[in-house]
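*Asks:* Just dropping this structure here.
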Amino acid sequence: MKDLHAEIDNNVKQALAEDIGAGDLTALLIPTGKELVANVHSREDAVLCGAQWFEACFLALAPGTLFSWFARDGDHIQAGQKLCEIKGYARTLLSAERSALNFLQLLSAVATQTKNFVDAIAGTQAAIVDTRKTLPGLRLAEKYAVKCGGGINHRFGLYDGILIKENHIIAAGGIKSALKKAQEIAPPGVFIQIEVESLQELQEALTADASMVLLDNFTLNQLLDSVALTRQQTGERIILEASGSITLKNVRQVAETGVDRISIGSLTKNIKAIDLSMRFRESA
């Protein structure tokens with residue numbers, strides 16, 4: 001997340017350029033210099049996320065815009081709750097409104113979805129982990145939102161972790177060959193994880209000194225057997241991650257098998273925006 005501020009700036013520039021283009025024609029109805037106050041409320045319970053993106057949309061057009069927040073990123077918010085008050089030039093508030101709300105609604109939705117999964121497995125040893133199934137151009141933003149919801153980030157891209165999947169294994173000549181090559185080329189501090197689709201493949205991965213194994217679309221019984229096999233055969237702890245067809249209805253059962261991590265693409269992929277409203281009044 002060290003590049004988050006630069007990413008916010010880039011996200012906001014693209015969003016405003018997309019929406020405003022050569023200029024906001026409707027905002028020309030408003031006299032230059034007129035000031036307004038805007039209040040943002042939530043229409044549903046959620047986890048707030050995206051305040052920095054929200055502010056940046058207005059500040060990019062008018063650096064003097066003022067904000068008063070009544071909740072922080074990561075806070076649980078309730079339906080009807082006032083989240084923020086903004087004071088600034090009317091044209092700026094109107095031009096930036098849609099882009100700002102888009103960020104706040106989307107990222108709050110990701111944080112809320114993550115928190116729902118985190119709460120569902122509370123008391124187990126498992127952690128909820130995100131994936132690379134993010135909206136194009138918003139990966140860091142969505143992964144930030146996952147953390148606000150209490151989840152853990154997996155790799156950010158193909159550059160900071162090695163995940164050996166089925167096609168890599170086929171192309172590399174098998175699990176043992178793929179792991180051996182990965183161990184030779186991995187930069188210091190970069191994790192190596194291998195995906196398996198059966199107990200036999202798990203056995204091969206353990207024999208080849210895998211340190212992280214992704215159990216893809218395993219049944220609950222297969223997960224239980226995988227945990228037992230791994231703990232029995234490895235002197236040191238191997239990280240086991242379950243993935244595939246995991247929902248709020250079954251995630252608790254998956255966590256109770258003893259896996260360490262549960263990765264869920266729907267945290268960032270299948271998202272319904274949180275319903276927020278922004279209303280204006282005359283500046284005092």
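Chain labels run A, B, ... following the order of the structure tokens; each chain numbers its residues from 1, and ligands are numbered from 1 in the order shown.
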Residues within 9 Å of Ser277 (chain A), please, as an mmCIF file with N, CA, C and O atoms, in the first residue's frame. Count only C-alpha atoms; anything in the same chain fewer than 6 positions from it doesn't count.

*Replies:*
```
data_model
loop_
_atom_site.group_PDB
_atom_site.id
_atom_site.type_symbol
_atom_site.label_atom_id
_atom_site.label_comp_id
_atom_site.auth_asym_id
_atom_site.auth_seq_id
_atom_site.Cartn_x
_atom_site.Cartn_y
_atom_site.Cartn_z
ATOM 1 N N ASN A 39 -24.288 17.495 2.545
ATOM 2 C CA ASN A 39 -24.238 16.443 3.555
ATOM 3 C C ASN A 39 -24.377 15.083 2.894
ATOM 4 O O ASN A 39 -25.201 14.905 1.990
ATOM 5 N N VAL A 40 -23.567 14.138 3.341
ATOM 6 C CA VAL A 40 -23.625 12.768 2.831
ATOM 7 C C VAL A 40 -24.181 11.864 3.919
ATOM 8 O O VAL A 40 -23.702 11.879 5.054
ATOM 9 N N HIS A 41 -25.222 11.100 3.577
ATOM 10 C CA HIS A 41 -25.831 10.152 4.498
ATOM 11 C C HIS A 41 -25.807 8.748 3.897
ATOM 12 O O HIS A 41 -25.790 8.585 2.680
ATOM 13 N N SER A 42 -25.811 7.755 4.768
ATOM 14 C CA SER A 42 -25.939 6.369 4.324
ATOM 15 C C SER A 42 -27.393 5.950 4.414
ATOM 16 O O SER A 42 -28.085 6.280 5.380
ATOM 17 N N ARG A 43 -27.852 5.211 3.415
ATOM 18 C CA ARG A 43 -29.212 4.689 3.442
ATOM 19 C C ARG A 43 -29.260 3.234 3.925
ATOM 20 O O ARG A 43 -30.330 2.629 3.949
ATOM 21 N N LEU A 101 -18.922 10.020 -5.099
ATOM 22 C CA LEU A 101 -19.835 9.014 -4.553
ATOM 23 C C LEU A 101 -19.570 7.633 -5.137
ATOM 24 O O LEU A 101 -19.710 6.618 -4.441
#
```

*Asks:* Can I get the residues of region 140-248 of chain A within 10 Å of region 124-136 of chain A, each with the closest pair of atoms and their distance in Å to one decimal, using only C-alpha atoms, sorted chain first then ascending number, as JSON lines?

*Replies:*
```
{"residue": "A:Leu140", "atom": "CA", "partner": "A:Thr134", "partner_atom": "CA", "distance": 9.0}
{"residue": "A:Ala141", "atom": "CA", "partner": "A:Thr134", "partner_atom": "CA", "distance": 9.4}
{"residue": "A:Glu142", "atom": "CA", "partner": "A:Thr134", "partner_atom": "CA", "distance": 7.0}
{"residue": "A:Lys143", "atom": "CA", "partner": "A:Asp130", "partner_atom": "CA", "distance": 7.3}
{"residue": "A:Val146", "atom": "CA", "partner": "A:Asp130", "partner_atom": "CA", "distance": 7.1}
{"residue": "A:Lys147", "atom": "CA", "partner": "A:Asp130", "partner_atom": "CA", "distance": 9.3}
{"residue": "A:Gly149", "atom": "CA", "partner": "A:Ile128", "partner_atom": "CA", "distance": 9.9}
{"residue": "A:Gly150", "atom": "CA", "partner": "A:Ile128", "partner_atom": "CA", "distance": 8.0}
{"residue": "A:Gly151", "atom": "CA", "partner": "A:Ile128", "partner_atom": "CA", "distance": 5.1}
{"residue": "A:Ile152", "atom": "CA", "partner": "A:Val129", "partner_atom": "CA", "distance": 4.7}
{"residue": "A:Asn153", "atom": "CA", "partner": "A:Asp130", "partner_atom": "CA", "distance": 5.5}
{"residue": "A:His154", "atom": "CA", "partner": "A:Asp130", "partner_atom": "CA", "distance": 5.7}
{"residue": "A:Arg155", "atom": "CA", "partner": "A:Thr131", "partner_atom": "CA", "distance": 7.5}
{"residue": "A:Phe156", "atom": "CA", "partner": "A:Arg132", "partner_atom": "CA", "distance": 6.9}
{"residue": "A:Gly157", "atom": "CA", "partner": "A:Arg132", "partner_atom": "CA", "distance": 6.9}
{"residue": "A:Leu158", "atom": "CA", "partner": "A:Arg132", "partner_atom": "CA", "distance": 9.1}
{"residue": "A:Leu240", "atom": "CA", "partner": "A:Ala126", "partner_atom": "CA", "distance": 9.6}
{"residue": "A:Glu241", "atom": "CA", "partner": "A:Ala126", "partner_atom": "CA", "distance": 8.8}
{"residue": "A:Ala242", "atom": "CA", "partner": "A:Ala126", "partner_atom": "CA", "distance": 9.7}
{"residue": "A:Ser243", "atom": "CA", "partner": "A:Val129", "partner_atom": "CA", "distance": 9.6}
```

*Asks:* Looking only at the backbone, which of the residues in region 54-224 of chain A does DSSP tag as helix (DSSP H, G or I), as a ChimeraX atom specification?

*Replies:* /A:54-61,90-120,139-148,166-172,175-185,199-207,220-224

*Asks:* Please measure the separation of CA of Ile121 (chain A) and CA of Glu166 (chain A), giving the value in Å to one decimal.

*Replies:* 28.4 Å

*Asks:* If we count only C-alpha atoms and set the cut-off at 12 Å, which residues sit around Phe103 (chain A), ignoring sequence neighbours fewer than 4 positions away in its own chain? Please answer as a PyMOL selection string.

*Replies:* chain A and resi 8+11-12+15-16+48-57+96-99+107-110+138+141-142+145+273-276

*Asks:* Looking at A:Ile77, A:Leu25, A:Ile20, A:Ile86, which one is nearest to Met278 (chain A), with distances taken over only C-alpha atoms?

*Replies:*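 Of A:Ile77, A:Leu25, A:Ile20, A:Ile86, the one nearest Met278 (chain A), counting only C-alpha atoms, is A:Ile86.
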
*Asks:* Could you give me the residues within region 54-236 of chain A that DSSP places in strand (DSSP E), as a ChimeraX atom specification?

*Replies:* /A:66-69,76-77,82-89,127-129,162-164,192-196,212-216

*Asks:* For the residues selected in the previous step, produce a file with N, CA and C atoms as a CSV table (one decimal), in the first residue's frame.

*Replies:*
```
chain,number,residue,atom,x,y,z
A,66,LEU,N,-13.7,22.2,2.1
A,66,LEU,CA,-13.6,21.8,3.5
A,66,LEU,C,-14.5,20.6,3.8
A,67,PHE,N,-13.9,19.7,4.6
A,67,PHE,CA,-14.6,18.5,4.9
A,67,PHE,C,-14.7,18.3,6.4
A,68,SER,N,-15.8,17.8,6.9
A,68,SER,CA,-16.0,17.4,8.3
A,68,SER,C,-16.6,16.0,8.3
A,69,TRP,N,-15.8,15.0,8.8
A,69,TRP,CA,-16.2,13.6,8.8
A,69,TRP,C,-16.7,13.2,10.1
A,76,HIS,N,-18.1,0.9,11.3
A,76,HIS,CA,-19.5,0.5,10.9
A,76,HIS,C,-20.4,1.7,10.9
A,77,ILE,N,-21.2,1.8,9.9
A,77,ILE,CA,-22.1,2.9,9.8
A,77,ILE,C,-23.5,2.4,9.6
A,82,LYS,N,-25.3,10.4,9.3
A,82,LYS,CA,-24.6,11.4,8.6
A,82,LYS,C,-23.1,11.1,8.6
A,83,LEU,N,-22.5,11.0,7.4
A,83,LEU,CA,-21.1,10.6,7.3
A,83,LEU,C,-20.2,11.8,7.1
A,84,CYS,N,-20.6,12.8,6.4
A,84,CYS,CA,-19.7,13.9,6.1
A,84,CYS,C,-20.4,15.2,5.7
A,85,GLU,N,-19.8,16.3,6.0
A,85,GLU,CA,-20.3,17.6,5.6
A,85,GLU,C,-19.2,18.3,4.8
A,86,ILE,N,-19.6,18.8,3.7
A,86,ILE,CA,-18.6,19.4,2.8
A,86,ILE,C,-19.1,20.9,2.5
A,87,LYS,N,-18.1,21.8,2.5
A,87,LYS,CA,-18.4,23.2,2.1
A,87,LYS,C,-17.4,23.6,1.0
A,88,GLY,N,-18.0,24.2,0.0
A,88,GLY,CA,-17.2,24.6,-1.1
A,88,GLY,C,-18.0,25.3,-2.2
A,89,TYR,N,-17.3,25.6,-3.3
A,89,TYR,CA,-18.0,26.2,-4.4
A,89,TYR,C,-19.0,25.3,-5.1
A,127,ALA,N,-8.2,-17.0,8.0
A,127,ALA,CA,-8.3,-15.6,7.6
A,127,ALA,C,-8.9,-15.5,6.2
A,128,ILE,N,-9.6,-14.4,6.0
A,128,ILE,CA,-10.3,-14.1,4.7
A,128,ILE,C,-9.3,-13.3,3.8
A,129,VAL,N,-9.1,-13.8,2.6
A,129,VAL,CA,-8.0,-13.3,1.7
A,129,VAL,C,-8.7,-12.9,0.3
A,162,ILE,N,4.5,-15.6,-6.4
A,162,ILE,CA,4.4,-16.7,-7.4
A,162,ILE,C,3.3,-17.6,-7.0
A,163,LEU,N,2.3,-17.7,-7.8
A,163,LEU,CA,1.2,-18.7,-7.6
A,163,LEU,C,1.2,-19.6,-8.9
A,164,ILE,N,1.5,-20.8,-8.6
A,164,ILE,CA,1.6,-21.8,-9.7
A,164,ILE,C,0.3,-22.5,-9.9
A,192,ILE,N,6.0,-18.4,-2.6
A,192,ILE,CA,5.7,-19.4,-3.6
A,192,ILE,C,4.5,-20.2,-3.2
A,193,GLN,N,3.4,-20.2,-4.0
A,193,GLN,CA,2.2,-21.0,-3.7
A,193,GLN,C,1.9,-21.8,-4.9
A,194,ILE,N,1.4,-23.0,-4.6
A,194,ILE,CA,1.0,-23.9,-5.7
A,194,ILE,C,-0.4,-24.4,-5.5
A,195,GLU,N,-1.1,-24.4,-6.6
A,195,GLU,CA,-2.5,-24.8,-6.6
A,195,GLU,C,-2.6,-26.3,-6.9
A,196,VAL,N,-3.4,-27.0,-6.1
A,196,VAL,CA,-3.7,-28.4,-6.4
A,196,VAL,C,-5.2,-28.7,-6.4
A,212,MET,N,3.3,-23.2,0.7
A,212,MET,CA,1.9,-22.7,0.6
A,212,MET,C,1.2,-23.5,-0.5
A,213,VAL,N,0.0,-24.0,-0.1
A,213,VAL,CA,-0.8,-24.8,-1.1
A,213,VAL,C,-2.2,-24.2,-1.1
A,214,LEU,N,-2.6,-24.0,-2.4
A,214,LEU,CA,-4.0,-23.6,-2.6
A,214,LEU,C,-4.9,-24.8,-3.0
A,215,LEU,N,-5.9,-25.1,-2.2
A,215,LEU,CA,-6.7,-26.2,-2.4
A,215,LEU,C,-7.9,-25.7,-3.2
A,216,ASP,N,-7.9,-26.1,-4.5
A,216,ASP,CA,-8.9,-25.5,-5.4
A,216,ASP,C,-10.2,-26.3,-5.5
```

*Asks:* Quick one, how far is CA of Ala205 (chain A) from CA of Gly189 (chain A)?

*Replies:*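 Taking CA of Ala205 (chain A) and CA of Gly189 (chain A), their separation equals 20.3 Å.
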
*Asks:* Could you jot down the CA of Lys34 (chain A) to CA of Gly64 (chain A) separation for me, Å, one decimal place?

*Replies:*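 So the answer is 13.6 Å.
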
*Asks:* If we count only C-alpha atoms, what is near Leu29 (chain A) at a cut-off of 12 Å, once residues fewer than 6 positions away on the same chain are taken out, given as a PDB file with N, CA, C and O atoms, in the first residue's frame?

*Replies:*
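Produced file selection.pdb, reproduced below:
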```pdb
ATOM      1  N   ALA A  90     -20.197  25.797  -5.355  1.00  0.00           N
ATOM      2  CA  ALA A  90     -21.297  24.976  -5.841  1.00  0.00           C
ATOM      3  C   ALA A  90     -20.929  24.221  -7.108  1.00  0.00           C
ATOM      4  O   ALA A  90     -21.247  23.030  -7.256  1.00  0.00           O
ATOM      5  N   ARG A  91     -20.279  24.899  -8.043  1.00  0.00           N
ATOM      6  CA  ARG A  91     -19.933  24.238  -9.300  1.00  0.00           C
ATOM      7  C   ARG A  91     -19.002  23.050  -9.056  1.00  0.00           C
ATOM      8  O   ARG A  91     -19.160  21.983  -9.660  1.00  0.00           O
ATOM      9  N   LEU A  94     -20.940  20.111  -7.432  1.00  0.00           N
ATOM     10  CA  LEU A  94     -21.811  19.442  -8.383  1.00  0.00           C
ATOM     11  C   LEU A  94     -21.026  18.643  -9.427  1.00  0.00           C
ATOM     12  O   LEU A  94     -21.427  17.544  -9.815  1.00  0.00           O
ATOM     13  N   SER A  95     -19.898  19.170  -9.866  1.00  0.00           N
ATOM     14  CA  SER A  95     -19.105  18.492 -10.897  1.00  0.00           C
ATOM     15  C   SER A  95     -18.417  17.239 -10.364  1.00  0.00           C
ATOM     16  O   SER A  95     -18.268  16.249 -11.080  1.00  0.00           O
TER      17      SER A  95
END
```
